[in-house]
Structures are given as C-alpha cells and as structure tokens.
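Below: the structure, in structure tokens.
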Amino acid sequence: MSTALAQGTPLRGRELELERIREILEHGRGTGSALLVIEGMPGIGKTRLLQEAALLAERLGYDVNPVRPRGGYARCPRPSGPRLVILDGTGPVPQQPRHATAGPTGTPGDCRPGLHGGPTRAAVPAGRHRDRARTVWLLAHRPGEGMAAPAAALLGGEPRGRGERLTLGPLGASDALRLAQDVLGADPSPALARLVDQAGGHPRLLIDLLTGLREEGGVRIAAGEAELLSRRLPERVELRVRSTLERYSGSCRQLLCVAAVLGDEVVYEELALMMRTSVSALLPVLEEVRATGFVRDRGGRAAFHSPLVRRLLADSVPDTVRAALEQEAQSLRTARAAKRRPEAVPAQPGPHAPERTGLTETQRALVGLVADGLTNQQIGRRLALSPHTVNYHLRKLFKRYGVSSRINLLQAVAGTR
C-alpha cells in the first residue's frame, strides 16, 4: 500500500484489533510492560495497523520510539512517560518522521515518532527491568518467519509483563466494499462489486486491483458510480502476486500453480498424487504454501482465499501444460473415486430393483465425487460442468436407481457391481 493511500484512507474492518491494542497501551500506562505480536499473510494490513497504533499511542501520551537494528544514531534522553517501540519487519518505512534529528552520521536519529521498516530480527536493547517498565512493544510478523526477539528477551523478566499475539485475517465483504469506495471515490457497480468480492478480503490485493483498473482505463466513474469496463486483470495485480511468490521456494510455487489449475479447492491427497509423493512428504512445502496467505485449510483441502489469485496462478501456466495437468488430474480423480467407493452391498430384490447396467465415464466420475462428499458446485468445477448440469445428472441417477438421497445412490451403485 502506498504511503499516500495508507494515510489518506480510513482503516477499515480493524475495530476489534484497535480496541485490543488500546487495552495493551492502557496496560503500559500503568507500571507494566507488554508485547503484542501482530502476524498475518503478506499484504493483509499489518503495517497499516501499526500506523494507527502509533497515532493512538501518541494521543495516550506515549513516546513512540522505534528501535534501529544497528548503531550509528543519536542517543535519546530516557522518556519520562510510557514508551512504545514498534518493529515492522514486513516492508519499507511507511511514513516519514515529523521531528527527526540528525545523528553523527547525518542520518535521522530515533528520537521521534515513527515506524521502523527494518527486519523483524532487530537488536533488543539490553537493560534492567526498571528500564522496561511502562514499555509496550509491537512487532509485525509474517507466519513462517522466525523472530530473534522472543517475548522473554523483550520483556526482560518484568514481573508485570504481558505478552499476546494478534492474527489479522481477511476483511469481511462489507469492509472490503467500503475500502473499494475509499479507493475509487465512488460506489462500485454490481459487476465491479463482484470483482471486489473475488479479492477475498485481501486489502493490498484489492487496492492494487482497483488502482490498476483506474490506471489502465478498466473503470469509468460517472454519477457517483464506478463502472467496470474490462475483465482483464491489471498488471499491478500480476506484479503483486509475482513479487510475493519470489519470497518462497520453487517447490512452493510449483505446488501453488498445480493447485490453481485443479480448482478453487484441492484435496491434499490429490496434490500429493500429482506431485508423485505422499501427503506426509509434502508437509514442509505445505507449511510454506500456507505462509504465502494464498490458501487456507478447509476440511482436508487446500482452499484459495481469492479466486483472483487462483486465476492469476493458473494463467501463469502455459496452455499446453495446463491442459496436460487437467487431463492427468481427471485420470487420477477417476481412479481415486473408484478406489474409495463403498464396498458392495447385495441389492435386495423388489419391484423397484435398479437396472444392472454400467455407468458412463461422466456418471462414474460424478458418483466418485459424491462419495468424496463434494457439493454440486465443487463437482461442477472438477468436471467442468455447471451446478445445474450436475444436478440434472444426479436426478437422472436417482430416478434410474429408484432412490432419493446421495447415500442411497452410493449403496445402490455399489450393489450393481
């Protein structure tokens, strides 16, 4: 997020987080010290939240004083009031200090409000317990990246020390829409609102999407409404996703691209089969994949937070390779579904006994995905069918076997083998 945009727009959807920061700051105004680690996926708004925390601390009478990772700066007199130390190891310095003083080397000293944009592994000043009383530490941290300044080192054994962790998640739909209104200066049209929703509540991705659309003429603002003119994703979004992926290993990028080709949600077992390995062998790279913030766990599946990100990752794979991956995945799914079908249950003779004829390839694949517990929409994505077509095929199978539920259908199909 650019500095100008961050400072010129309200912070959306973080009221509960700010209230928790206020509680920590109130604790620090007493005689105790505190550490709050703020973590979340890249671009989720950690630095933006730290900016608001610094302003809030100043209003509460804090001396907002960043810590630099190396020496060479002017020393400051010990503050008489409570002190807030912010370590932002997730990006560049988000704002310029208002009262910077020059140190011996001509660089600004740290006797002023502001945020530190150096690495999270900043040096922790040594000192006695009384030097750390009434000091609050805020640390921005990405999951999967270690911290060399644990709570014990920062709090220094202070008996009234308080250590907590705050995890930032995606914005809700209404907050994402309000952020879009802030960026555009107008209400998104219905088509643009649907595109906003596909950003998955990711603030930086959403800002890049809308800013890029404006830069490339993809939106038109008239009569207070922003109309979507182009379905093409702007270059800003592509660069954002690419720069995020560059932080991670080749195995992580490969797994994400394969998952993106397979769909919005991918079973871990299926990913392991595609990678010619086991789920247990994939655990290290799966941890890295989750650290990107692009996917989350959902009942044994890897689910993409944002359809936009999945689309960009899938589009990054050459067409011929993508077609081969889709064909390979379909073969694996069919084989896996056949393996996981229920054991044969002898069919009971009766007036409505089902026909004992074979199923088509599509029907076999559909029954296998029903056995996996997938919804009509998920089955449609796997088989490149609309949910309406999936429902049509299911109704035909229900009628054919004289059943009225998915469980009875699976039992009936098993009984015809």
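Naming works like this for the structure tokens: A, B, ... for the chains as they're shown, residue 1 at the start of each chain, ligands 1 onward in shown order.
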- Please identify all polymer residues within 9 Å of Leu383 (chain A), counting only C-alpha atoms, omitting same-chain residues fewer than 5 positions from it, and present them as a ChimeraX atom specification. /A:330,362,365-366,378,390
- Residues near region 33-43 of chain A, cut-off 6 Å, only C-alpha atoms, skip fewer than 4 positions along chain, as a VMD selection string: chain A and resid 28 133 to 142 161 to 168 204 293
- Between CA of Arg236 (chain A) and CA of Asp315 (chain A), what is the spacing in Å?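 Computed distance, CA of Asp315 (chain A) to CA of Arg236 (chain A), equals 15.3 Å.
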- Separating CA of Leu397 (chain A) from CA of Ala329 (chain A), to the nearest tenth of an Å, is a gap of 24.4 Å
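Between CA of Val196 (chain A) and CA of Ala173 (chain A) the separation is 8.7 Å.
Shortest separation to Val289 (chain A) among A:Arg12, A:Arg247, A:Arg322, A:Arg364 occurs at residue A:Arg247, atoms counted being only C-alpha atoms.
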- Note on the structure: Using only C-alpha atoms, the residue out of A:Leu84, A:Cys257, A:Ala412, A:Ala193 with shortest distance to Val295 (chain A) is A:Cys257
- Task: Mind checking which residues fall within 12 Å of Gly250 (chain A), counting only C-alpha atoms, ignoring those fewer than 4 positions away in the same chain, and posting them as a list in words?
- Result: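 Residues near the query, excluding close chain neighbours: Leu245, Glu246, Gln254, Leu255, Leu256, Cys257, Val285, Glu288 and Val289 of chain A.
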Any chance you could export the current selection's all heavy atoms as a PDB file, in the first residue's frame?
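Below is the file that was written, part.pdb:
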ATOM      1  N   LEU A 245       5.393 -14.332  -4.518  1.00  0.00           N
ATOM      2  CA  LEU A 245       5.884 -15.700  -4.750  1.00  0.00           C
ATOM      3  C   LEU A 245       7.404 -15.772  -4.753  1.00  0.00           C
ATOM      4  O   LEU A 245       7.979 -16.809  -4.413  1.00  0.00           O
ATOM      5  CB  LEU A 245       5.341 -16.230  -6.080  1.00  0.00           C
ATOM      6  CG  LEU A 245       3.855 -16.592  -6.106  1.00  0.00           C
ATOM      7  CD1 LEU A 245       3.448 -17.035  -7.500  1.00  0.00           C
ATOM      8  CD2 LEU A 245       3.538 -17.681  -5.096  1.00  0.00           C
ATOM      9  N   GLU A 246       8.055 -14.693  -5.126  1.00  0.00           N
ATOM     10  CA  GLU A 246       9.520 -14.698  -5.183  1.00  0.00           C
ATOM     11  C   GLU A 246      10.147 -14.894  -3.809  1.00  0.00           C
ATOM     12  O   GLU A 246      11.320 -15.256  -3.705  1.00  0.00           O
ATOM     13  CB  GLU A 246      10.023 -13.391  -5.808  1.00  0.00           C
ATOM     14  CG  GLU A 246       9.811 -13.328  -7.320  1.00  0.00           C
ATOM     15  CD  GLU A 246      10.160 -11.960  -7.898  1.00  0.00           C
ATOM     16  OE1 GLU A 246      10.491 -11.052  -7.101  1.00  0.00           O
ATOM     17  OE2 GLU A 246      10.100 -11.811  -9.128  1.00  0.00           O
ATOM     18  N   GLN A 254       5.610 -24.224  -7.391  1.00  0.00           N
ATOM     19  CA  GLN A 254       5.108 -25.319  -8.227  1.00  0.00           C
ATOM     20  C   GLN A 254       3.801 -25.875  -7.670  1.00  0.00           C
ATOM     21  O   GLN A 254       2.828 -26.082  -8.413  1.00  0.00           O
ATOM     22  CB  GLN A 254       6.146 -26.434  -8.302  1.00  0.00           C
ATOM     23  CG  GLN A 254       5.693 -27.639  -9.130  1.00  0.00           C
ATOM     24  CD  GLN A 254       6.675 -28.800  -9.036  1.00  0.00           C
ATOM     25  OE1 GLN A 254       7.555 -28.811  -8.187  1.00  0.00           O
ATOM     26  NE2 GLN A 254       6.513 -29.788  -9.905  1.00  0.00           N
ATOM     27  N   LEU A 255       3.769 -26.103  -6.366  1.00  0.00           N
ATOM     28  CA  LEU A 255       2.576 -26.668  -5.756  1.00  0.00           C
ATOM     29  C   LEU A 255       1.392 -25.714  -5.877  1.00  0.00           C
ATOM     30  O   LEU A 255       0.258 -26.140  -6.146  1.00  0.00           O
ATOM     31  CB  LEU A 255       2.850 -26.978  -4.284  1.00  0.00           C
ATOM     32  CG  LEU A 255       1.852 -27.905  -3.587  1.00  0.00           C
ATOM     33  CD1 LEU A 255       1.855 -29.273  -4.226  1.00  0.00           C
ATOM     34  CD2 LEU A 255       2.168 -28.017  -2.110  1.00  0.00           C
ATOM     35  N   LEU A 256       1.638 -24.425  -5.711  1.00  0.00           N
ATOM     36  CA  LEU A 256       0.558 -23.444  -5.839  1.00  0.00           C
ATOM     37  C   LEU A 256      -0.001 -23.410  -7.259  1.00  0.00           C
ATOM     38  O   LEU A 256      -1.217 -23.321  -7.453  1.00  0.00           O
ATOM     39  CB  LEU A 256       1.062 -22.057  -5.441  1.00  0.00           C
ATOM     40  CG  LEU A 256       1.097 -21.747  -3.945  1.00  0.00           C
ATOM     41  CD1 LEU A 256       1.860 -20.453  -3.683  1.00  0.00           C
ATOM     42  CD2 LEU A 256      -0.317 -21.639  -3.380  1.00  0.00           C
ATOM     43  N   CYS A 257       0.875 -23.469  -8.251  1.00  0.00           N
ATOM     44  CA  CYS A 257       0.409 -23.439  -9.645  1.00  0.00           C
ATOM     45  C   CYS A 257      -0.395 -24.685  -9.987  1.00  0.00           C
ATOM     46  O   CYS A 257      -1.428 -24.605 -10.662  1.00  0.00           O
ATOM     47  CB  CYS A 257       1.604 -23.287 -10.587  1.00  0.00           C
ATOM     48  SG  CYS A 257       2.341 -21.634 -10.571  1.00  0.00           S
ATOM     49  N   VAL A 285       6.568 -28.304   2.500  1.00  0.00           N
ATOM     50  CA  VAL A 285       6.200 -27.327   1.470  1.00  0.00           C
ATOM     51  C   VAL A 285       4.768 -26.832   1.675  1.00  0.00           C
ATOM     52  O   VAL A 285       4.440 -25.690   1.353  1.00  0.00           O
ATOM     53  CB  VAL A 285       6.389 -27.915   0.053  1.00  0.00           C
ATOM     54  CG1 VAL A 285       5.369 -28.988  -0.270  1.00  0.00           C
ATOM     55  CG2 VAL A 285       6.319 -26.807  -0.996  1.00  0.00           C
ATOM     56  N   GLU A 288       4.890 -23.959   3.914  1.00  0.00           N
ATOM     57  CA  GLU A 288       5.337 -22.781   3.175  1.00  0.00           C
ATOM     58  C   GLU A 288       4.199 -22.215   2.336  1.00  0.00           C
ATOM     59  O   GLU A 288       4.027 -20.997   2.230  1.00  0.00           O
ATOM     60  CB  GLU A 288       6.535 -23.151   2.297  1.00  0.00           C
ATOM     61  CG  GLU A 288       7.293 -21.962   1.772  1.00  0.00           C
ATOM     62  CD  GLU A 288       8.496 -22.368   0.927  1.00  0.00           C
ATOM     63  OE1 GLU A 288       8.695 -23.583   0.688  1.00  0.00           O
ATOM     64  OE2 GLU A 288       9.226 -21.459   0.503  1.00  0.00           O
ATOM     65  N   VAL A 289       3.422 -23.104   1.716  1.00  0.00           N
ATOM     66  CA  VAL A 289       2.282 -22.671   0.903  1.00  0.00           C
ATOM     67  C   VAL A 289       1.283 -21.897   1.758  1.00  0.00           C
ATOM     68  O   VAL A 289       0.770 -20.847   1.355  1.00  0.00           O
ATOM     69  CB  VAL A 289       1.616 -23.899   0.236  1.00  0.00           C
ATOM     70  CG1 VAL A 289       0.225 -23.542  -0.275  1.00  0.00           C
ATOM     71  CG2 VAL A 289       2.469 -24.411  -0.910  1.00  0.00           C
TER      72      VAL A 289
END
- Query: In terms of the shortest atom-to-atom distance over only C-alpha atoms, which of A:Pro284, A:Leu56, A:Pro203, A:Leu233 is closest to Glu216 (chain A)?
  - Reply: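 Ranked by minimum distance to Glu216 (chain A), first place goes to A:Leu233.
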- Out of A:Thr31, A:Pro10, A:Val413, A:Leu195, which residue has the shortest atom-to-atom distance to Leu49 (chain A) when counting only C-alpha atoms?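 Answer, going by the shortest atom-to-atom distance: A:Pro10.
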- Message: Residues near Leu271 (chain A), anyone? I mean within 9 Å using only C-alpha atoms, not counting same-chain ones fewer than 5 positions away, as a PyMOL selection string.
- Response: chain A and resi 255+258-259+262+266+276-279+282
Would you write out those residues with all heavy atoms, as a PDB file, in the first residue's frame?
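Everything below was put into selection.pdb:
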ATOM      1  N   LEU A 255       3.769 -26.103  -6.366  1.00  0.00           N
ATOM      2  CA  LEU A 255       2.576 -26.668  -5.756  1.00  0.00           C
ATOM      3  C   LEU A 255       1.392 -25.714  -5.877  1.00  0.00           C
ATOM      4  O   LEU A 255       0.258 -26.140  -6.146  1.00  0.00           O
ATOM      5  CB  LEU A 255       2.850 -26.978  -4.284  1.00  0.00           C
ATOM      6  CG  LEU A 255       1.852 -27.905  -3.587  1.00  0.00           C
ATOM      7  CD1 LEU A 255       1.855 -29.273  -4.226  1.00  0.00           C
ATOM      8  CD2 LEU A 255       2.168 -28.017  -2.110  1.00  0.00           C
ATOM      9  N   VAL A 258       0.068 -25.851  -9.527  1.00  0.00           N
ATOM     10  CA  VAL A 258      -0.670 -27.096  -9.780  1.00  0.00           C
ATOM     11  C   VAL A 258      -2.042 -27.013  -9.105  1.00  0.00           C
ATOM     12  O   VAL A 258      -3.068 -27.345  -9.708  1.00  0.00           O
ATOM     13  CB  VAL A 258       0.118 -28.313  -9.269  1.00  0.00           C
ATOM     14  CG1 VAL A 258      -0.750 -29.571  -9.312  1.00  0.00           C
ATOM     15  CG2 VAL A 258       1.373 -28.521 -10.103  1.00  0.00           C
ATOM     16  N   ALA A 259      -2.073 -26.559  -7.846  1.00  0.00           N
ATOM     17  CA  ALA A 259      -3.342 -26.436  -7.135  1.00  0.00           C
ATOM     18  C   ALA A 259      -4.278 -25.467  -7.847  1.00  0.00           C
ATOM     19  O   ALA A 259      -5.487 -25.711  -7.934  1.00  0.00           O
ATOM     20  CB  ALA A 259      -3.089 -25.976  -5.702  1.00  0.00           C
ATOM     21  N   LEU A 262      -6.029 -27.035 -10.699  1.00  0.00           N
ATOM     22  CA  LEU A 262      -7.004 -28.053 -10.324  1.00  0.00           C
ATOM     23  C   LEU A 262      -8.322 -27.466  -9.827  1.00  0.00           C
ATOM     24  O   LEU A 262      -9.351 -28.126  -9.900  1.00  0.00           O
ATOM     25  CB  LEU A 262      -6.417 -28.971  -9.247  1.00  0.00           C
ATOM     26  CG  LEU A 262      -5.172 -29.762  -9.656  1.00  0.00           C
ATOM     27  CD1 LEU A 262      -4.764 -30.727  -8.560  1.00  0.00           C
ATOM     28  CD2 LEU A 262      -5.397 -30.516 -10.957  1.00  0.00           C
ATOM     29  N   VAL A 266      -8.649 -27.995  -3.378  1.00  0.00           N
ATOM     30  CA  VAL A 266      -7.940 -29.196  -3.838  1.00  0.00           C
ATOM     31  C   VAL A 266      -7.694 -30.097  -2.640  1.00  0.00           C
ATOM     32  O   VAL A 266      -7.212 -29.650  -1.594  1.00  0.00           O
ATOM     33  CB  VAL A 266      -6.587 -28.839  -4.498  1.00  0.00           C
ATOM     34  CG1 VAL A 266      -5.968 -30.077  -5.127  1.00  0.00           C
ATOM     35  CG2 VAL A 266      -6.770 -27.749  -5.537  1.00  0.00           C
ATOM     36  N   ARG A 276       3.573 -36.813  -7.299  1.00  0.00           N
ATOM     37  CA  ARG A 276       4.229 -38.127  -7.247  1.00  0.00           C
ATOM     38  C   ARG A 276       4.914 -38.356  -5.896  1.00  0.00           C
ATOM     39  O   ARG A 276       6.047 -38.814  -5.815  1.00  0.00           O
ATOM     40  CB  ARG A 276       5.261 -38.278  -8.376  1.00  0.00           C
ATOM     41  CG  ARG A 276       4.694 -38.168  -9.770  1.00  0.00           C
ATOM     42  CD  ARG A 276       3.682 -39.291 -10.041  1.00  0.00           C
ATOM     43  NE  ARG A 276       3.245 -39.302 -11.424  1.00  0.00           N
ATOM     44  CZ  ARG A 276       2.156 -38.659 -11.867  1.00  0.00           C
ATOM     45  NH1 ARG A 276       1.433 -37.952 -11.029  1.00  0.00           N
ATOM     46  NH2 ARG A 276       1.816 -38.722 -13.127  1.00  0.00           N
ATOM     47  N   THR A 277       4.175 -38.017  -4.817  1.00  0.00           N
ATOM     48  CA  THR A 277       4.718 -38.200  -3.479  1.00  0.00           C
ATOM     49  C   THR A 277       3.566 -38.463  -2.530  1.00  0.00           C
ATOM     50  O   THR A 277       2.426 -38.688  -2.949  1.00  0.00           O
ATOM     51  CB  THR A 277       5.538 -36.965  -3.050  1.00  0.00           C
ATOM     52  OG1 THR A 277       6.172 -37.238  -1.804  1.00  0.00           O
ATOM     53  CG2 THR A 277       4.670 -35.726  -2.928  1.00  0.00           C
ATOM     54  N   SER A 278       3.837 -38.447  -1.234  1.00  0.00           N
ATOM     55  CA  SER A 278       2.811 -38.667  -0.218  1.00  0.00           C
ATOM     56  C   SER A 278       2.474 -37.352   0.472  1.00  0.00           C
ATOM     57  O   SER A 278       3.240 -36.385   0.396  1.00  0.00           O
ATOM     58  CB  SER A 278       3.300 -39.681   0.821  1.00  0.00           C
ATOM     59  OG  SER A 278       4.429 -39.164   1.514  1.00  0.00           O
ATOM     60  N   VAL A 279       1.339 -37.345   1.162  1.00  0.00           N
ATOM     61  CA  VAL A 279       0.948 -36.142   1.890  1.00  0.00           C
ATOM     62  C   VAL A 279       1.968 -35.831   2.980  1.00  0.00           C
ATOM     63  O   VAL A 279       2.334 -34.671   3.197  1.00  0.00           O
ATOM     64  CB  VAL A 279      -0.460 -36.314   2.495  1.00  0.00           C
ATOM     65  CG1 VAL A 279      -0.824 -35.097   3.355  1.00  0.00           C
ATOM     66  CG2 VAL A 279      -1.503 -36.501   1.401  1.00  0.00           C
ATOM     67  N   LEU A 282       4.868 -34.043   1.739  1.00  0.00           N
ATOM     68  CA  LEU A 282       4.555 -32.677   1.308  1.00  0.00           C
ATOM     69  C   LEU A 282       4.453 -31.688   2.475  1.00  0.00           C
ATOM     70  O   LEU A 282       4.356 -30.483   2.248  1.00  0.00           O
ATOM     71  CB  LEU A 282       3.223 -32.654   0.552  1.00  0.00           C
ATOM     72  CG  LEU A 282       3.223 -33.003  -0.931  1.00  0.00           C
ATOM     73  CD1 LEU A 282       1.814 -32.850  -1.487  1.00  0.00           C
ATOM     74  CD2 LEU A 282       4.193 -32.142  -1.716  1.00  0.00           C
TER      75      LEU A 282
END
- Item | All residues 10 Å or closer to Ser404 (chain A), only C-alpha atoms, same chain fewer than 5 positions away omitted, as a PyMOL selection string | chain A and resi 394-395+397-399+409
- Query: Smallest atom-to-atom distance to Met274 (chain A): which of A:Leu332, A:Leu313, A:Val241, A:Ala223, using only C-alpha atoms?
  - Reply: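 Residue with the minimum atom-to-atom distance to Met274 (chain A): A:Leu332.
Comparing A:Ala180, A:Ala54, A:Leu312, A:Leu410 by their smallest distance to Gly373 (chain A), the closest is A:Leu410 (using only C-alpha atoms).
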